[in-house]
Structures are given as structure tokens and as C-alpha cells.
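Okay, structure first, notes after.
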Amino acid sequence: MSDSLDRSIGLLDRSLVFITGKGGVGKSSVTAALGLIASRAGKKTLICEVDAKGDVARLFDSEPADFDPIEIRDNLYLMSMDTEAALREYLRIFLRLSMVSKLGPLAKTFDFVANAAPGVQEVLVVGKLCYEVKESNYDLILVDASSTGHIVSQLASPKGISELVKLGMVKDQIKWMEEILYEPSVTSVIVVATPAETPVNEALELASKIDSDTDVHLGALVVNKVMPELFSKAEEEFFSSLRDEKSLAVFAKAVSGDVTSLLNGSAAALEMRRTAEPHIERILEVSDKIHVALLPLMFGIGSGLRLVRDLAEALSAEWDDLLWVD
Amino acid sequence: MGGLESVFFDSEILIVAGAGGVGKTTIAAALGIAAAESGTNKVLVLTVDPAKRLADALGLVGLSSHANRVDPIQLNQAIGHEVPGELYVAMLDAKSSWDELIKRHAPDAITRDKILSNPIYKNISSRFVQSHDYIAMESLYELYISNAYDLIVIDTPPSRHAIDFLDAPVKMADFFSSKLLKWLTLPARNRLLMGAFKPFYQIADKILGAQFLSDVADFFLLFQSMYDGFIVRARSVSKILESPSTQFVVVSSPEAAPMQEAEFFISAINQRHLNLAQMVVNRTLPDYFRDPGSIFVAHKLQDNFEQIAKDFLVKGKKLKYISETDLPPGRLEALVERVFLEISGSFLNFSEVALQEAAEISKLAVDEEMITLIPHLNFDISDLNSLGKVAVHLCSSQSPFTI
């Protein structure tokens, strides 16, 4: 992994930030939290959901978004990627094609483009995002990106296309896409993991793959859902003493109720933290090369705006000086 | 006997599906162990992308679709007794499976080599996501008709949606029979005939350049020679998905988003008249977090922690910890207070999550006896031993709502 600890430009001072990670780690909530931070700070922010599951919309209690962005809060817009709509828009803008209808059912044309020509779906996604950057339609675009399996092929798609397509208009367009995508002061990637075996493996593998297979800047690693440390060492010693029969009986008397489950609950929480620890350590090992943030497990908040707000607060606290420089 | 054991005897294929990150691979491997334990003779677990340590634990070496038998001695040791069935594992390798498919269907050696070296083919076979869905089903079919196993457990690829792979064979058949393919391959056959498609070509030409287009056309022309074989094959693959001996196990973790995807998947299974064997909810919190009595006590402790700490110190004067501590009384009291507050706070936090989980689970449109809960286990599941523990949970069907 090359050195990504550049502090001259903040994470959210960039124009295009991809947020990725294994399924289930909370990409959407991290994206939503960053969106909330940026929009509150007065940046006109677009969140783009690539996998179109509507998770970000749900987090903001908003209607699911389409390809055309909707404003869900002050300064905060949401769109859902749709490669067919992106293709239609592309044809309209670059070929001034109102004659799309003459092509027969566009769906079939799309079938061809998407299925036959490898990388086209990917390049349409990335192309649309880069186009929004190029046109300066927003201060910041946050991409709730594909999971770890597909993100690299998306980020590398302009390269792939330019290897396959030697001529034509696309060739030129790839050039400005690459200028946006591969410029570290413009575009960056945040990889999200939870402190468990596979998510951390995937995050670390992805981080090094982004580094080796693409020219995209790797901005940060986020460890989400970290179980907080319940006790200090002294406290834990006392807690352990509570679990022998005599102490248990005294405790139960003092509360006048059965406390066995309560103690089991805390013991389970301690175990969870202990199981997570080595995985947190593995992420922290690379923190001399890349920014790392640990976000606490948000209990009982479930989903919705409360979760987004709490995560935003935790992120701001953790990355106080990293989100922006100015 | 309960839970899944009867399923092992009734089915030849178990398809494990669910959203990303819910533990599909783990459940698939544990199902394999459970099946071998319950007496199914030869069980194969076909996995897509196992975590490194899990792959090591199962004895998967390198990228190979070759099936390896899990060492019976190690397996018996991990489980703690003699496992009657044989357990095999294989990992899906999309690229080489595609190559196998081409070799099988190509009409002659020249076509075969041309396809295998075509840049577009290479790209499709290794990167094209939908092609992974298809090839997973295709590999499953190949293994199934080989008749080498009594039960195949397949872990599905991480799709955009869990449902995608179900449609993969049909989509693949549609793709090869579509008119577009004819359009595309037309100019190579007769450029004069293409008048009707001229606008399409003009645009495609302008955007992509002629060379690329003719590469694509080339590829499809080659592929067309395998058309019939492919269509027949794709239909057969579809058919085994519908067979009564193919059963689905849907896996989810108890959070809202993956549960929603699971529900969607279950309704798709029902709509298509496929067979749902079991819904597995993985990593649920223990029952006691939902026990009203304990929740009541936790609230009481949280509200009166100072008083309770005092009482505890008075009543527990003789307890070993309290009589032996060096802490001055004031600090000891503060410490006890903090610990009591943490205990109650932590319990109530988890209770809230556990209640949400229960609400999510009760929303499932599935009979209770079809739901298996796997508790949140406090260890990494990365060896045979821990997989064996998951297998035990899979077979001891615990009713979801035992409060």
C-alpha cells in the first residue's frame, strides 16, 4: 500500500468519494453520515446509490430515488444509478440524439451494449459520476458503491475500455474520465469493514487491490460497528468477582431480582469485544499508511435518521481534522 | 431430530442464498457437515468465495474446481465422534469453468481456440458478474449429473440481488437467442443487407469505433456455432432448479436490510414454485435479552444504581473481593456504581436490539418450524471445530419465540 496519509486535502474537500466494503458492513449508513456532515457544512452534496437497494433513502426516511436526483435535505441530493438511463442520457448529450426512438426499443440496444461489450455497464456508472464532477453540478458526490467484489472493475473500467476500444468518441471521453477518477485531489475511496474475519480480509485485500489495479486514491478505512470497551481493567476485575455464587446472591438481594441474565449479557458483550479485537488490530496495523476510523456499534438505534446523526457525530469526532482542511 | 435433518434425506441439491455478509458460506459449510453427520453418504459443498481461513480449514487448496475430501480423521476429531458420511468441498472457479464449457460445446478445435483467445470472451468470462451467476448454476448442473454425490450444497455467488442467479440460465438462453445477436452478426455475414439496422450501426460506430464493434461481432459469430448446445443446456439447468429434490435454504442476519432481501427471496421462491427448505437467521442474540423479568431488573438497576451499590457493599462486606481490595471506600463505591450502571446499560442496549431482531423475525412470511436461529457465537468461525458447532445449532431446531 502506498502512502495515503496526505493531509493537505480533506476527505470531503474532494469532489468524488466512493464508499465500498463487504455486504452488511454498513456502507450505506457511513455514506449517509458523510452526506449529512457535508451538507450541513454547506456543501451541495449528491449521494448516488449504485446498487439501488434504497438503503440510503430509507436511512433518511425519504422516498426511494430515481436516476434524476431529488433533494432530501438542505444541500443534500439523492440519486439511484440506472445504467440504462445513464446510456440514454449519454446518447442525448453527446450525440444530441433525440432520434433514440428510431433505434427500435432502446432496451434491446442496451442489452447489446451492456451484455456484449464488457465493462460498458461499469463505465456508464463511472462515466455518469465523472460527468457530474466535470460539469461541477455538485460540490461533492458520495457514492454508495458496489460491494468489494465489483468496485475494482468499476474503478478500472476506463482503463479496460480504452484497451478494448481503439477508436471512436468513447476513446476521447475516457481521457477526461481518467483525469477525474485518477486525480487524488479530486477522487478518493473509503473502504468500510466490520471487526470480523472476512470483512477485514476483504477490506485489506481491496485496499491493496485498489492500490495495485487502479490509479484511484485510497482515502481511508472505516471500521464500523465496533463494540465499545465495557469496563476498565479494575472494573472488569470486580465484574468477574460478581460471578461467583456468593457475590451473585448478594447482588440479587441488593437489586431484589434475578441478575443472572444481566451478568451473562455483560459477559457476552465482553466476549464480543474480545473476538473483535484481533481484527481491529489488523486494521490498525496499516494506520501508519492510511487513515483509519473506528465507529462504535450504535445500539438499539436500528436504522433511520437517528443512526445517521449518531454516526455523523462519531465520524466528525474521530476525523475532526481529516474531513476538511479549510 | 428436527430442523434440517429431514431435508438432507429428501433432497439432492441444497441452494444456500441470501444477502451479502450474512454468513452464507459458513452456513453452507456447516450444512455439509450436518448432512455428513446425519448419515448422508457423500456430501459436496460447492462454495464460491470462502474466506481464507475457512478455505484452509476445509482443505481447499488454490483456485480449483476440483473436489477435495475433507480429511475424515480431522473431521471426526473436530466433531468429537465418528462422522458417518463423506464430506467433499470444491471452490467455484468462474474462469476455468467457462473454459470447460466452451471446450464442451465448441463444434471444432479451431472455433474453440478462437473463442478462448478472443479478448472479449476473456473479459466476459473473468469479469462479467452475470456470467458468474450462470456459471455457478452450470457447474452445479455438471456435478449433479455426474451422480457422484448424494447431496450437493451450493453457496451462491454474491449478486447484486440474491435472486439474480435464479434467472441466470433463462437470461443466458435469451441472450443467445436474441434478435440482437442476429443484428450484431449480420454485417459480418452480409454488409449489404444491413440497411434496416443502419442507424444502430452508425451510432455504435461513432461511439465505440468500428474495430471494437467488429471484435464483438466476431465473438458472437463464434459463439453462435455453439448456440444449440447452450440453449439445451441452459434449459436443463433451469429444470433442476425446479426439481422437487432441489431445496433452498435462505440465510439472513437479523437486521432489517438483509431480512428484507430474504423476504423478497422467499416470495420469489414461492412465486416460482420452488422449494424452500429452511430459513436460517444467523447471529441472533440470546433469548434472555428479551426476558421481561430481566429487562425489569435491568431498569431497576439502572434507575437505582447508587442505592443498590451501597446495599451491595453493606450486604457483601464479607465477599472476597470487597474484603481484600486495597481501594479506599469512596473509590470502591464509585467503581461498583460504574460497573452496575454499565451492566444495566449494556443489557438494555442489547435488549433493544434483541427485540428488534424478534420483530424482524416475526415479520417473515414463513411457518415457525421452517425458521432456524443460529445464535451469535463468540468465536470466529474459521475451523472445522467451530463449523461443527454451527452444524449442531442447525440441527437442534430452536423455536424462534421461546420467551
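Just remember, in the C-alpha cells the first chain shown is A, the second B, etc., residues are 1-based per chain, and ligands are 1-based in the order shown.
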If we count only C-alpha atoms, what is near region 240-246 of chain A at a cut-off of 9 Å, once residues fewer than 6 positions away on the same chain are taken out, given as a JSON list (two decimals) with N, CA and C atoms, in the first residue's frame?
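Output (out_26.json):
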[["chain", "number", "residue", "atom", "x", "y", "z"],
["A", 260, "THR", "N", -28.86, -13.01, 36.99],
["A", 260, "THR", "CA", -28.02, -13.92, 36.20],
["A", 260, "THR", "C", -27.93, -13.48, 34.74],
["A", 263, "LEU", "N", -25.75, -10.44, 34.15],
["A", 263, "LEU", "CA", -24.31, -10.73, 34.16],
["A", 263, "LEU", "C", -23.91, -11.50, 32.90],
["A", 267, "ALA", "N", -21.13, -10.40, 30.14],
["A", 267, "ALA", "CA", -20.06, -11.35, 29.78],
["A", 267, "ALA", "C", -20.05, -11.56, 28.26],
["B", 316, "GLY", "N", -22.47, -7.20, 51.28],
["B", 316, "GLY", "CA", -21.40, -8.05, 50.77],
["B", 316, "GLY", "C", -20.05, -7.81, 51.43],
["B", 319, "LEU", "N", -17.65, -10.57, 51.26],
["B", 319, "LEU", "CA", -17.25, -11.15, 49.96],
["B", 319, "LEU", "C", -15.75, -10.97, 49.77],
["B", 320, "LYS", "N", -15.16, -11.95, 49.09],
["B", 320, "LYS", "CA", -13.70, -11.97, 48.95],
["B", 320, "LYS", "C", -13.16, -10.66, 48.36],
["B", 321, "TYR", "N", -13.78, -10.25, 47.25],
["B", 321, "TYR", "CA", -13.27, -9.06, 46.55],
["B", 321, "TYR", "C", -13.30, -7.84, 47.46]]
Excluding Val43 (chain B) and any residue of its chain fewer than 4 positions from it, enumerate the residues within 9 Å of it, using only C-alpha atoms, and give them as a PDB file with all heavy atoms, in the first residue's frame.
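New file selection_8.pdb:
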ATOM      1  N   GLY B  32     -23.128 -28.857   5.153  1.00  0.00           N
ATOM      2  CA  GLY B  32     -22.419 -30.022   4.636  1.00  0.00           C
ATOM      3  C   GLY B  32     -22.005 -30.956   5.768  1.00  0.00           C
ATOM      4  O   GLY B  32     -22.219 -32.168   5.695  1.00  0.00           O
ATOM      5  N   ILE B  33     -21.453 -30.370   6.818  1.00  0.00           N
ATOM      6  CA  ILE B  33     -21.035 -31.172   7.970  1.00  0.00           C
ATOM      7  C   ILE B  33     -22.245 -31.854   8.611  1.00  0.00           C
ATOM      8  O   ILE B  33     -22.227 -33.056   8.896  1.00  0.00           O
ATOM      9  CB  ILE B  33     -20.308 -30.289   9.014  1.00  0.00           C
ATOM     10  CG1 ILE B  33     -18.970 -29.825   8.435  1.00  0.00           C
ATOM     11  CG2 ILE B  33     -20.109 -31.042  10.325  1.00  0.00           C
ATOM     12  CD1 ILE B  33     -18.153 -28.963   9.374  1.00  0.00           C
ATOM     13  N   ALA B  35     -25.044 -32.643   7.288  1.00  0.00           N
ATOM     14  CA  ALA B  35     -25.570 -33.701   6.420  1.00  0.00           C
ATOM     15  C   ALA B  35     -24.719 -34.957   6.542  1.00  0.00           C
ATOM     16  O   ALA B  35     -25.249 -36.062   6.673  1.00  0.00           O
ATOM     17  CB  ALA B  35     -25.629 -33.217   4.976  1.00  0.00           C
ATOM     18  N   ALA B  36     -23.394 -34.775   6.513  1.00  0.00           N
ATOM     19  CA  ALA B  36     -22.498 -35.928   6.631  1.00  0.00           C
ATOM     20  C   ALA B  36     -22.693 -36.608   7.984  1.00  0.00           C
ATOM     21  O   ALA B  36     -22.652 -37.825   8.094  1.00  0.00           O
ATOM     22  CB  ALA B  36     -21.048 -35.484   6.470  1.00  0.00           C
ATOM     23  N   GLY B  85     -20.853 -39.906   7.170  1.00  0.00           N
ATOM     24  CA  GLY B  85     -20.801 -39.530   5.754  1.00  0.00           C
ATOM     25  C   GLY B  85     -19.440 -39.003   5.334  1.00  0.00           C
ATOM     26  O   GLY B  85     -18.591 -38.670   6.159  1.00  0.00           O
ATOM     27  N   GLU B  86     -19.229 -38.961   4.023  1.00  0.00           N
ATOM     28  CA  GLU B  86     -18.001 -38.369   3.492  1.00  0.00           C
ATOM     29  C   GLU B  86     -18.292 -36.925   3.076  1.00  0.00           C
ATOM     30  O   GLU B  86     -19.280 -36.665   2.411  1.00  0.00           O
ATOM     31  CB  GLU B  86     -17.514 -39.156   2.265  1.00  0.00           C
ATOM     32  CG  GLU B  86     -17.138 -40.587   2.584  1.00  0.00           C
ATOM     33  CD  GLU B  86     -16.830 -41.379   1.314  1.00  0.00           C
ATOM     34  OE1 GLU B  86     -16.678 -40.773   0.237  1.00  0.00           O
ATOM     35  OE2 GLU B  86     -16.753 -42.617   1.416  1.00  0.00           O
ATOM     36  N   LEU B  87     -17.408 -36.029   3.447  1.00  0.00           N
ATOM     37  CA  LEU B  87     -17.607 -34.621   3.121  1.00  0.00           C
ATOM     38  C   LEU B  87     -16.556 -34.157   2.115  1.00  0.00           C
ATOM     39  O   LEU B  87     -15.359 -34.351   2.312  1.00  0.00           O
ATOM     40  CB  LEU B  87     -17.520 -33.765   4.395  1.00  0.00           C
ATOM     41  CG  LEU B  87     -17.697 -32.261   4.221  1.00  0.00           C
ATOM     42  CD1 LEU B  87     -19.097 -31.913   3.739  1.00  0.00           C
ATOM     43  CD2 LEU B  87     -17.398 -31.524   5.535  1.00  0.00           C
ATOM     44  N   TYR B  88     -17.045 -33.581   1.010  1.00  0.00           N
ATOM     45  CA  TYR B  88     -16.148 -33.049  -0.011  1.00  0.00           C
ATOM     46  C   TYR B  88     -16.392 -31.555  -0.150  1.00  0.00           C
ATOM     47  O   TYR B  88     -17.508 -31.085   0.068  1.00  0.00           O
ATOM     48  CB  TYR B  88     -16.424 -33.719  -1.363  1.00  0.00           C
ATOM     49  CG  TYR B  88     -16.100 -35.194  -1.373  1.00  0.00           C
ATOM     50  CD1 TYR B  88     -16.997 -36.114  -0.821  1.00  0.00           C
ATOM     51  CD2 TYR B  88     -14.907 -35.660  -1.911  1.00  0.00           C
ATOM     52  CE1 TYR B  88     -16.700 -37.461  -0.810  1.00  0.00           C
ATOM     53  CE2 TYR B  88     -14.607 -37.002  -1.903  1.00  0.00           C
ATOM     54  CZ  TYR B  88     -15.510 -37.913  -1.352  1.00  0.00           C
ATOM     55  OH  TYR B  88     -15.203 -39.238  -1.346  1.00  0.00           O
ATOM     56  N   VAL B  89     -15.351 -30.839  -0.523  1.00  0.00           N
ATOM     57  CA  VAL B  89     -15.532 -29.412  -0.792  1.00  0.00           C
ATOM     58  C   VAL B  89     -14.877 -29.058  -2.120  1.00  0.00           C
ATOM     59  O   VAL B  89     -13.869 -29.642  -2.510  1.00  0.00           O
ATOM     60  CB  VAL B  89     -14.930 -28.502   0.305  1.00  0.00           C
ATOM     61  CG1 VAL B  89     -15.796 -28.492   1.532  1.00  0.00           C
ATOM     62  CG2 VAL B  89     -13.519 -28.911   0.633  1.00  0.00           C
ATOM     63  N   TYR B 149     -22.402 -37.568  -6.064  1.00  0.00           N
ATOM     64  CA  TYR B 149     -22.714 -37.175  -4.681  1.00  0.00           C
ATOM     65  C   TYR B 149     -24.187 -37.406  -4.357  1.00  0.00           C
ATOM     66  O   TYR B 149     -25.044 -37.303  -5.229  1.00  0.00           O
ATOM     67  CB  TYR B 149     -22.367 -35.690  -4.470  1.00  0.00           C
ATOM     68  CG  TYR B 149     -20.934 -35.399  -4.810  1.00  0.00           C
ATOM     69  CD1 TYR B 149     -20.584 -34.886  -6.059  1.00  0.00           C
ATOM     70  CD2 TYR B 149     -19.925 -35.683  -3.895  1.00  0.00           C
ATOM     71  CE1 TYR B 149     -19.260 -34.653  -6.393  1.00  0.00           C
ATOM     72  CE2 TYR B 149     -18.601 -35.454  -4.222  1.00  0.00           C
ATOM     73  CZ  TYR B 149     -18.274 -34.940  -5.465  1.00  0.00           C
ATOM     74  OH  TYR B 149     -16.971 -34.725  -5.774  1.00  0.00           O
ATOM     75  N   ASP B 150     -24.443 -37.685  -3.097  1.00  0.00           N
ATOM     76  CA  ASP B 150     -25.830 -37.842  -2.670  1.00  0.00           C
ATOM     77  C   ASP B 150     -26.472 -36.496  -2.393  1.00  0.00           C
ATOM     78  O   ASP B 150     -27.676 -36.325  -2.510  1.00  0.00           O
ATOM     79  CB  ASP B 150     -25.886 -38.698  -1.397  1.00  0.00           C
ATOM     80  CG  ASP B 150     -25.329 -40.086  -1.656  1.00  0.00           C
ATOM     81  OD1 ASP B 150     -25.890 -40.775  -2.513  1.00  0.00           O
ATOM     82  OD2 ASP B 150     -24.305 -40.438  -1.035  1.00  0.00           O
ATOM     83  N   LEU B 151     -25.642 -35.557  -1.996  1.00  0.00           N
ATOM     84  CA  LEU B 151     -26.165 -34.217  -1.718  1.00  0.00           C
ATOM     85  C   LEU B 151     -25.108 -33.183  -2.094  1.00  0.00           C
ATOM     86  O   LEU B 151     -23.945 -33.331  -1.751  1.00  0.00           O
ATOM     87  CB  LEU B 151     -26.514 -34.069  -0.223  1.00  0.00           C
ATOM     88  CG  LEU B 151     -27.031 -32.693   0.214  1.00  0.00           C
ATOM     89  CD1 LEU B 151     -28.423 -32.418  -0.344  1.00  0.00           C
ATOM     90  CD2 LEU B 151     -27.048 -32.574   1.738  1.00  0.00           C
ATOM     91  N   ILE B 152     -25.567 -32.153  -2.826  1.00  0.00           N
ATOM     92  CA  ILE B 152     -24.661 -31.037  -3.137  1.00  0.00           C
ATOM     93  C   ILE B 152     -25.209 -29.788  -2.455  1.00  0.00           C
ATOM     94  O   ILE B 152     -26.377 -29.446  -2.633  1.00  0.00           O
ATOM     95  CB  ILE B 152     -24.575 -30.785  -4.661  1.00  0.00           C
ATOM     96  CG1 ILE B 152     -24.097 -32.051  -5.380  1.00  0.00           C
ATOM     97  CG2 ILE B 152     -23.640 -29.616  -4.951  1.00  0.00           C
ATOM     98  CD1 ILE B 152     -24.185 -31.939  -6.896  1.00  0.00           C
ATOM     99  N   VAL B 153     -24.376 -29.158  -1.648  1.00  0.00           N
ATOM    100  CA  VAL B 153     -24.764 -27.898  -1.026  1.00  0.00           C
ATOM    101  C   VAL B 153     -24.013 -26.791  -1.752  1.00  0.00           C
ATOM    102  O   VAL B 153     -22.781 -26.819  -1.818  1.00  0.00           O
ATOM    103  CB  VAL B 153     -24.387 -27.868   0.474  1.00  0.00           C
ATOM    104  CG1 VAL B 153     -24.881 -26.587   1.122  1.00  0.00           C
ATOM    105  CG2 VAL B 153     -24.950 -29.088   1.200  1.00  0.00           C
TER     106      VAL B 153
END
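Among the candidates B:Ala30, B:Met91, B:Val336, B:Ile269, the one nearest to Ala234 (chain A) when counting only C-alpha atoms is B:Val336.
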If you count only C-alpha atoms, the residue of B:Pro72, B:Pro84, B:Pro107, B:Pro119 closest to chain A turns out to be B:Pro119
In Å and to one decimal, CA of Gln173 (chain A) is distant from CA of Val216 (chain A) by 17.6 Å
Region 384-396 of chain B environment, 9 Å, only C-alpha atoms, sequence neighbours closer than 2 positions dropped, as an mmCIF file with N, CA and C atoms, in the first residue's frame:
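Output (part_10.cif):
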data_model
loop_
_atom_site.group_PDB
_atom_site.id
_atom_site.type_symbol
_atom_site.label_atom_id
_atom_site.label_comp_id
_atom_site.auth_asym_id
_atom_site.auth_seq_id
_atom_site.Cartn_x
_atom_site.Cartn_y
_atom_site.Cartn_z
ATOM 1 N N MET B 1 -34.800 -35.525 16.320
ATOM 2 C CA MET B 1 -34.434 -34.968 15.004
ATOM 3 C C MET B 1 -35.321 -33.783 14.700
ATOM 4 N N GLY B 2 -34.741 -32.773 14.191
ATOM 5 C CA GLY B 2 -35.570 -31.646 13.833
ATOM 6 C C GLY B 2 -34.834 -30.782 12.865
ATOM 7 N N GLY B 3 -35.363 -29.592 12.666
ATOM 8 C CA GLY B 3 -34.716 -28.633 11.799
ATOM 9 C C GLY B 3 -34.460 -29.209 10.435
ATOM 10 N N LEU B 4 -33.206 -29.301 10.097
ATOM 11 C CA LEU B 4 -32.873 -29.598 8.717
ATOM 12 C C LEU B 4 -32.648 -31.074 8.433
ATOM 13 N N GLU B 5 -32.623 -31.914 9.476
ATOM 14 C CA GLU B 5 -32.185 -33.281 9.218
ATOM 15 C C GLU B 5 -33.028 -34.000 8.177
ATOM 16 N N THR B 26 -20.419 -19.857 5.514
ATOM 17 C CA THR B 26 -20.334 -20.585 6.775
ATOM 18 C C THR B 26 -21.507 -21.554 6.918
ATOM 19 N N ILE B 27 -22.697 -21.063 6.636
ATOM 20 C CA ILE B 27 -23.890 -21.909 6.775
ATOM 21 C C ILE B 27 -23.819 -23.064 5.773
ATOM 22 N N ALA B 29 -21.164 -24.518 4.545
ATOM 23 C CA ALA B 29 -20.180 -25.495 5.031
ATOM 24 C C ALA B 29 -20.731 -26.278 6.222
ATOM 25 N N ALA B 30 -21.411 -25.571 7.124
ATOM 26 C CA ALA B 30 -21.978 -26.237 8.300
ATOM 27 C C ALA B 30 -23.086 -27.209 7.886
ATOM 28 N N LEU B 31 -23.855 -26.827 6.873
ATOM 29 C CA LEU B 31 -24.893 -27.733 6.356
ATOM 30 C C LEU B 31 -24.251 -29.018 5.834
ATOM 31 N N GLY B 32 -23.128 -28.857 5.153
ATOM 32 C CA GLY B 32 -22.419 -30.022 4.636
ATOM 33 C C GLY B 32 -22.005 -30.956 5.768
ATOM 34 N N ILE B 33 -21.453 -30.370 6.818
ATOM 35 C CA ILE B 33 -21.035 -31.172 7.970
ATOM 36 C C ILE B 33 -22.245 -31.854 8.611
ATOM 37 N N ALA B 34 -23.314 -31.072 8.787
ATOM 38 C CA ALA B 34 -24.518 -31.623 9.422
ATOM 39 C C ALA B 34 -25.079 -32.780 8.597
ATOM 40 N N ALA B 35 -25.044 -32.643 7.288
ATOM 41 C CA ALA B 35 -25.570 -33.701 6.420
ATOM 42 C C ALA B 35 -24.719 -34.957 6.542
ATOM 43 N N LEU B 54 -11.320 -20.076 6.357
ATOM 44 C CA LEU B 54 -12.351 -21.097 6.193
ATOM 45 C C LEU B 54 -11.936 -22.072 5.101
ATOM 46 N N ALA B 57 -9.392 -24.306 6.492
ATOM 47 C CA ALA B 57 -9.995 -25.265 7.414
ATOM 48 C C ALA B 57 -10.627 -26.426 6.667
ATOM 49 N N LEU B 58 -11.198 -26.115 5.513
ATOM 50 C CA LEU B 58 -11.881 -27.143 4.743
ATOM 51 C C LEU B 58 -10.919 -27.908 3.846
ATOM 52 N N GLN B 74 -9.539 -35.630 10.744
ATOM 53 C CA GLN B 74 -9.698 -34.279 11.283
ATOM 54 C C GLN B 74 -11.156 -33.952 11.541
ATOM 55 N N LEU B 75 -12.004 -34.411 10.617
ATOM 56 C CA LEU B 75 -13.430 -34.132 10.749
ATOM 57 C C LEU B 75 -13.977 -34.802 12.010
ATOM 58 N N GLN B 77 -12.352 -35.698 14.601
ATOM 59 C CA GLN B 77 -11.770 -35.030 15.769
ATOM 60 C C GLN B 77 -12.515 -33.748 16.105
ATOM 61 N N ALA B 78 -12.785 -32.972 15.050
ATOM 62 C CA ALA B 78 -13.431 -31.678 15.255
ATOM 63 C C ALA B 78 -14.846 -31.860 15.795
ATOM 64 N N ILE B 79 -15.531 -32.870 15.298
ATOM 65 C CA ILE B 79 -16.917 -33.070 15.699
ATOM 66 C C ILE B 79 -16.986 -33.806 17.032
ATOM 67 N N GLY B 80 -15.957 -34.572 17.347
ATOM 68 C CA GLY B 80 -15.926 -35.255 18.637
ATOM 69 C C GLY B 80 -16.436 -36.681 18.570
ATOM 70 N N VAL B 280 -32.789 -19.646 7.608
ATOM 71 C CA VAL B 280 -31.826 -19.612 8.708
ATOM 72 C C VAL B 280 -31.540 -18.163 9.077
ATOM 73 N N THR B 372 -34.840 -21.490 11.450
ATOM 74 C CA THR B 372 -33.798 -21.938 12.372
ATOM 75 C C THR B 372 -32.977 -20.729 12.798
ATOM 76 N N LEU B 373 -32.788 -20.596 14.095
ATOM 77 C CA LEU B 373 -31.971 -19.489 14.583
ATOM 78 C C LEU B 373 -30.590 -19.992 14.960
ATOM 79 N N ILE B 374 -29.578 -19.308 14.480
ATOM 80 C CA ILE B 374 -28.210 -19.622 14.886
ATOM 81 C C ILE B 374 -27.747 -18.480 15.779
ATOM 82 N N PRO B 375 -27.427 -18.774 17.029
ATOM 83 C CA PRO B 375 -27.046 -17.682 17.923
ATOM 84 C C PRO B 375 -25.723 -17.045 17.518
ATOM 85 N N LEU B 377 -22.297 -16.449 17.853
ATOM 86 C CA LEU B 377 -21.301 -17.253 18.558
ATOM 87 C C LEU B 377 -20.068 -16.406 18.831
ATOM 88 N N PHE B 379 -16.987 -16.620 18.801
ATOM 89 C CA PHE B 379 -15.673 -17.013 18.293
ATOM 90 C C PHE B 379 -15.726 -16.880 16.781
ATOM 91 N N ASP B 380 -14.561 -16.768 16.171
ATOM 92 C CA ASP B 380 -14.502 -16.726 14.722
ATOM 93 C C ASP B 380 -14.787 -18.119 14.192
ATOM 94 N N ILE B 381 -15.604 -18.180 13.153
ATOM 95 C CA ILE B 381 -15.900 -19.495 12.604
ATOM 96 C C ILE B 381 -14.934 -19.743 11.458
ATOM 97 N N SER B 382 -13.818 -20.358 11.802
ATOM 98 C CA SER B 382 -12.791 -20.498 10.781
ATOM 99 C C SER B 382 -12.089 -21.836 10.867
ATOM 100 N N GLN B 398 -34.462 -24.719 17.201
ATOM 101 C CA GLN B 398 -34.955 -23.989 18.357
ATOM 102 C C GLN B 398 -36.077 -23.097 17.853
#
_So that I can check the surroundings of region 120-124 of chain A, please list as an MDAnalysis selection string every protein, DNA and RNA residue that reaches within 8 Å of it, counting only C-alpha atoms and ignoring chain neighbours fewer than 6 positions away._
chainID A and resid 83 86:87 113:114 153:154 157:158 161
Any chance you could export the current selection's N, CA and C atoms as a PDB file, in the first residue's frame?
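Saved the output as selection32.pdb:
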ATOM      1  N   THR A  83     -28.109   2.143 -15.213  1.00  0.00           N
ATOM      2  CA  THR A  83     -27.210   2.197 -16.367  1.00  0.00           C
ATOM      3  C   THR A  83     -27.955   2.465 -17.663  1.00  0.00           C
ATOM      4  N   ALA A  86     -28.526   6.062 -17.766  1.00  0.00           N
ATOM      5  CA  ALA A  86     -27.239   6.720 -17.998  1.00  0.00           C
ATOM      6  C   ALA A  86     -26.874   6.669 -19.474  1.00  0.00           C
ATOM      7  N   LEU A  87     -27.156   5.539 -20.100  1.00  0.00           N
ATOM      8  CA  LEU A  87     -26.877   5.406 -21.527  1.00  0.00           C
ATOM      9  C   LEU A  87     -27.752   6.357 -22.335  1.00  0.00           C
ATOM     10  N   VAL A 113     -25.323  -3.462 -25.585  1.00  0.00           N
ATOM     11  CA  VAL A 113     -24.185  -2.704 -25.071  1.00  0.00           C
ATOM     12  C   VAL A 113     -23.729  -3.272 -23.725  1.00  0.00           C
ATOM     13  N   ALA A 114     -24.721  -3.525 -22.870  1.00  0.00           N
ATOM     14  CA  ALA A 114     -24.385  -3.939 -21.518  1.00  0.00           C
ATOM     15  C   ALA A 114     -23.837  -5.356 -21.468  1.00  0.00           C
ATOM     16  N   SER A 153     -13.493  -3.419 -10.650  1.00  0.00           N
ATOM     17  CA  SER A 153     -13.766  -3.415 -12.090  1.00  0.00           C
ATOM     18  C   SER A 153     -14.440  -2.114 -12.505  1.00  0.00           C
ATOM     19  N   GLN A 154     -15.196  -1.507 -11.582  1.00  0.00           N
ATOM     20  CA  GLN A 154     -15.768  -0.206 -11.916  1.00  0.00           C
ATOM     21  C   GLN A 154     -14.685   0.863 -11.999  1.00  0.00           C
ATOM     22  N   SER A 157     -12.594   0.521 -14.983  1.00  0.00           N
ATOM     23  CA  SER A 157     -13.278   0.359 -16.265  1.00  0.00           C
ATOM     24  C   SER A 157     -12.801   1.294 -17.376  1.00  0.00           C
ATOM     25  N   PRO A 158     -12.469   2.552 -17.068  1.00  0.00           N
ATOM     26  CA  PRO A 158     -11.987   3.377 -18.190  1.00  0.00           C
ATOM     27  C   PRO A 158     -10.733   2.780 -18.828  1.00  0.00           C
ATOM     28  N   ILE A 161     -11.739  -0.232 -20.929  1.00  0.00           N
ATOM     29  CA  ILE A 161     -12.403   0.169 -22.163  1.00  0.00           C
ATOM     30  C   ILE A 161     -11.377   0.711 -23.154  1.00  0.00           C
TER      31      ILE A 161
END
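Computed from the coordinates, the CA of Thr194 (chain A) to CA of Ile19 (chain A) distance equals 13.9 Å.
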Counting only C-alpha atoms, closest pick from B:Leu313, B:Leu332, B:Ala17, B:Ala94 relative to Ser247 (chain A) is B:Leu313
task: Tell me which protein, DNA and RNA residues are within 12 Å of Ser344 (chain B), counting only C-alpha atoms, leaving out same-chain ones fewer than 3 positions away, and put them as a PyMOL selection string.
output: (chain A and resi 230+255+259-266) or (chain B and resi 289+294-305+308+337-341+347-351)
Inset, instruction - Find the spatial neighbours of Glu132 (chain A), counting only C-alpha atoms, within a cut-off of 10 Å - ignore same-chain residues fewer than 4 positions away - and output them as a list of chain:residue names. - result: A:Ser15, A:Leu16, A:Leu46, A:Gly127, A:Lys128, A:Ser136, A:Asn137, A:Tyr138, A:Asp139, A:Leu140, A:Ile141
* Taking the backbone alone, and naming residues the way the document does, which bits of region 11-129 of chain B are helix (DSSP H, G or I) by DSSP, as an NGL selection string? -> :B and (24-37 or 52-58 or 72-79 or 94-105 or 109-117 or 119-127 or 129)
